Amino acid sequence: MKRTLPFRAGLRRIGLPSRKGVQQTCIMLGLGVLSATALPPVHALPVLLFTFPALFAAIDRAPSWKRAAWAGGLFGFGLYAASLYWLVNAVMIRAEDFWWFVPFPSLGCALILAPLTAAPAALCRMVPTGPHRMALFAALWTLFDMARVFLFSGFPWNPLGSGFALPGRVGDVLIQPAAWLGVDGMTLVLVLTALFCGTALRDQACLARTATYTPYFSRILRRNTGIFGTLLAVMWVGAGVARLHFATPNGPLGPIAVMVQGNVPEIEKVGHQSPRTIFERYLTLTAQGVQQAKALRAQNLTQAERPIVFLWPETSFPGYTLLQDSPRARQIIMAWAAGADAGFIGALRQDDNGRYRNSILALAPNGGIEALYDKARLVPFGEYQPKHIPLQIVPQGGLAAGPGPQTWHLPNIPPAGPLICYEVIFSGAVVDKADRPRWFANVTNDGWFGDSAGPRQHLSSVRLRAVEEGLPVARAANTGISIAYDGYGHELGRLGWNKTETLVTALPAALPVPLFGLYGRIIPFLLCLLIGISALLPIAQRKQVQ
């Protein structure tokens, strides 16, 4: 009589995972999802003290590097799928055309990004178990996170360091180290702290419950980790407070910025509905905002000589050919904005080769085009179609990209650095270092993503770029959130989501160029390299002894 295989053995024979394997998969996915709450807009940073030690324990206990990579990849998939859930909203706007694509934006991005968390999980196994492996994992996590700029046209969205950008004064203090480390350096510090302090806390808690528990850290290492973690927290906060008090703006004051938030539903723009009504709305809002700016300038003698610049959001309205082809339309805009020294208009345009470009036009008081900037960093699968992807997702293959960061030198206006939407997420790549601007003019349209976490995550990037470069920012967003920051990343004013208004803010002078503004991402790269080499030294020393 043929013997019947046990149920679990049968599952293994036909290639299905065991119950334990399914449980472990769900746990790793769940840890990644939970870690997403550390990012904006929740900023639940303490959860990382639990999730990262749990991830590292799974990597450490894995029987092979492949199993370790699988654990890291699952964690990353959960992290990115949860933190990018809002991407589906962009597809839902045109669901009748792209209904088949609805599951792919969030899950597809998570699948593409998961190998970048699997790789550090596998590579850290080069080092024997212990604190050296833990330090190497933190360095590798940061390096592979930095490498996201090389995926397609780049996708460095939501580095863990952005979790420090809490709202209000607490966040102002916590993000100041970005002036020296950049957001990637902050990610490195955060992962190191979560791993070491979280592991020490876990060991201490387990030892308090049961004497048979075998701690990962020795008693001395637990004590030293607690001391170092406390000192690091004090130094981090102290450095932030010191910069807020002792770094002082210098040079000419910024302009009085009028940020126009037209609040045009994306479905109206996509469907080219009521372009005349939308144009008139922008004209009315602009006139009101410029009048407020003139009144502000008249009330304060220190503002008397400051220029007025108004900003319209990215691809402001569906009548892009009007701006490109009609000098009269541009003259009408500036006539309604009488008293403004310039207008920065987000517009879709066609170049001489017939390619569409996402651009900002700088209009002079007479309606002439004084300067033109084309978006250089295009959104993958939104504005940019990767050539090796067989599915035609972006119409006509996407937009043409511009050459990169520029500085505008316009009459009577401090040198301005134009940035369009997505470009602001690229740490260390937002200014022309040979010709630094004195302020950022950022236009964006987050209406695609609805009233979700997406616009808030985007906003944290704007704030961190202000700190990294020491430059004030004026940001005009179609449906919100329009905002102004100074060079400390301190909020000067905002318009909330789904409001049809103007925000008028006098921008301060720029701060002295921070260390990160001078050297950029080479700083976090060298820090990761230093930690990685230090972690690998025991291997080299052991081989020399042998």
# chains A, B, ... in the order shown; residues from 1 in each chain; ligands from 1
call {"tool": "select_by_dssp", "arguments": {"residues": "region 126-274 of chain A", "states": "alpha helix (DSSP H)", "output": "PyMOL selection string"}}
result
chain A and resi 131-146+168-174+178-209+219-246+266-270
call {"tool": "residues_around", "arguments": {"residues": "Gly161 (chain A)", "least_positions_apart": "5", "cutoff": "8 Å", "atoms": "only C-alpha atoms", "output": "JSON, numbers by chain"}}
result
{"A": [183, 184, 185, 186, 187, 188, 190]}
call {"tool": "atom_distance", "arguments": {"atom1": "CA of Met259 (chain A)", "atom2": "CA of Asn358 (chain A)"}}
result
18.8 Å
call {"tool": "atom_distance", "arguments": {"atom1": "CA of Phe77 (chain A)", "atom2": "CA of Ser460 (chain A)"}}
result
22.1 Å
call {"tool": "atom_distance", "arguments": {"atom1": "CA of Pro538 (chain A)", "atom2": "CA of Ala54 (chain A)"}}
result
24.7 Å
call {"tool": "residues_around", "arguments": {"residues": "Thr193 (chain A)", "least_positions_apart": "4", "cutoff": "8 Å", "atoms": "only C-alpha atoms", "output": "list of chain:residue names"}}
result
A:Leu49, A:Val189, A:Cys197, A:Gly198, A:Gly229
call {"tool": "residues_around", "arguments": {"residues": "Thr502 (chain A)", "least_positions_apart": "5", "cutoff": "12 Å", "atoms": "only C-alpha atoms", "output": "VMD selection string"}}
result
chain A and resid 257 to 263 281 to 293 310 to 313 475 to 484 493 to 496
call {"tool": "residues_around", "arguments": {"residues": "Ala165 (chain A)", "least_positions_apart": "5", "cutoff": "7 Å", "atoms": "only C-alpha atoms", "output": "VMD selection string"}}
result
chain A and resid 171 174 to 175 460
call {"tool": "write_last_selection", "arguments": {"atoms": "C-alpha atoms", "output": "compact mmCIF listing (two decimals), in the first residue's frame"}}
result
# COMPACT_ATOMS: atom_id res chain seq x y z
CA GLY A 171 10.73 69.72 13.05
CA LEU A 174 15.39 68.21 13.99
CA ILE A 175 16.04 68.97 10.31
CA SER A 460 8.90 67.62 3.21
call {"tool": "residues_around", "arguments": {"residues": "region 511-520 of chain A", "least_positions_apart": "6", "cutoff": "8 Å", "atoms": "only C-alpha atoms", "output": "JSON, numbers by chain"}}
result
{"A": [178, 179, 180, 181, 182, 247, 248, 249, 250, 427, 428, 433, 468, 469, 470, 471, 487]}
call {"tool": "select_by_dssp", "arguments": {"residues": "region 172-387 of chain A", "states": "strand (DSSP E)", "output": "MDAnalysis selection string"}}
result
chainID A and resid 256:261 308:312 342:350 356:363 369:374
call {"tool": "write_last_selection", "arguments": {"atoms": "C-alpha atoms", "output": "tab-separated table (two decimals), in the first residue's frame"}}
result
chain	number	residue	atom	x	y	z
A	256	ILE	CA	7.78	89.64	-2.09
A	257	ALA	CA	6.39	86.42	-3.53
A	258	VAL	CA	2.76	86.08	-4.58
A	259	MET	CA	1.89	82.39	-4.85
A	260	VAL	CA	-1.32	81.86	-6.81
A	261	GLN	CA	-3.25	78.68	-5.99
A	308	ILE	CA	7.19	91.68	-6.41
A	309	VAL	CA	7.15	88.33	-8.20
A	310	PHE	CA	4.04	86.23	-8.71
A	311	LEU	CA	4.06	82.48	-9.36
A	312	TRP	CA	1.51	80.36	-11.22
A	342	ALA	CA	7.98	89.62	-12.98
A	343	GLY	CA	5.64	86.67	-13.30
A	344	PHE	CA	6.77	83.03	-13.23
A	345	ILE	CA	4.23	80.95	-15.15
A	346	GLY	CA	4.17	77.16	-15.17
A	347	ALA	CA	3.24	76.06	-18.69
A	348	LEU	CA	3.37	73.14	-21.09
A	349	ARG	CA	5.02	74.22	-24.34
A	350	GLN	CA	6.32	72.87	-27.64
A	356	TYR	CA	6.46	68.98	-25.51
A	357	ARG	CA	8.27	70.37	-22.48
A	358	ASN	CA	7.16	71.13	-18.92
A	359	SER	CA	8.40	74.68	-18.43
A	360	ILE	CA	8.40	77.92	-16.45
A	361	LEU	CA	8.18	81.20	-18.36
A	362	ALA	CA	9.50	84.37	-16.74
A	363	LEU	CA	7.36	87.29	-17.94
A	369	ILE	CA	9.43	86.31	-22.11
A	370	GLU	CA	12.59	87.14	-20.17
A	371	ALA	CA	13.69	83.61	-19.37
A	372	LEU	CA	12.66	80.02	-19.97
A	373	TYR	CA	13.33	76.92	-17.89
A	374	ASP	CA	12.51	73.34	-18.94
call {"tool": "closest_residue", "arguments": {"among": "A:Gly168, A:Pro508, A:Gly404, A:Pro255", "to": "Val424 (chain A)", "atoms": "only C-alpha atoms"}}
result
A:Gly404
call {"tool": "residues_around", "arguments": {"residues": "Gly226 (chain A)", "least_positions_apart": "6", "cutoff": "10 Å", "atoms": "only C-alpha atoms", "output": "number ranges by chain"}}
result
A: 196-198, 200-201, 220, 232
call {"tool": "closest_residue", "arguments": {"among": "A:Val33, A:Ala295, A:Leu527, A:Leu399", "to": "Thr142 (chain A)", "atoms": "only C-alpha atoms"}}
result
A:Leu527
call {"tool": "closest_residue", "arguments": {"among": "A:Asp435, A:Glu268, A:Glu491, A:Asp351", "to": "Ser316 (chain A)", "atoms": "only C-alpha atoms"}}
result
A:Glu268
call {"tool": "closest_residue", "arguments": {"among": "A:Leu253, A:Cys528, A:Val431, A:Met126", "to": "Asn412 (chain A)", "atoms": "only C-alpha atoms"}}
result
A:Leu253
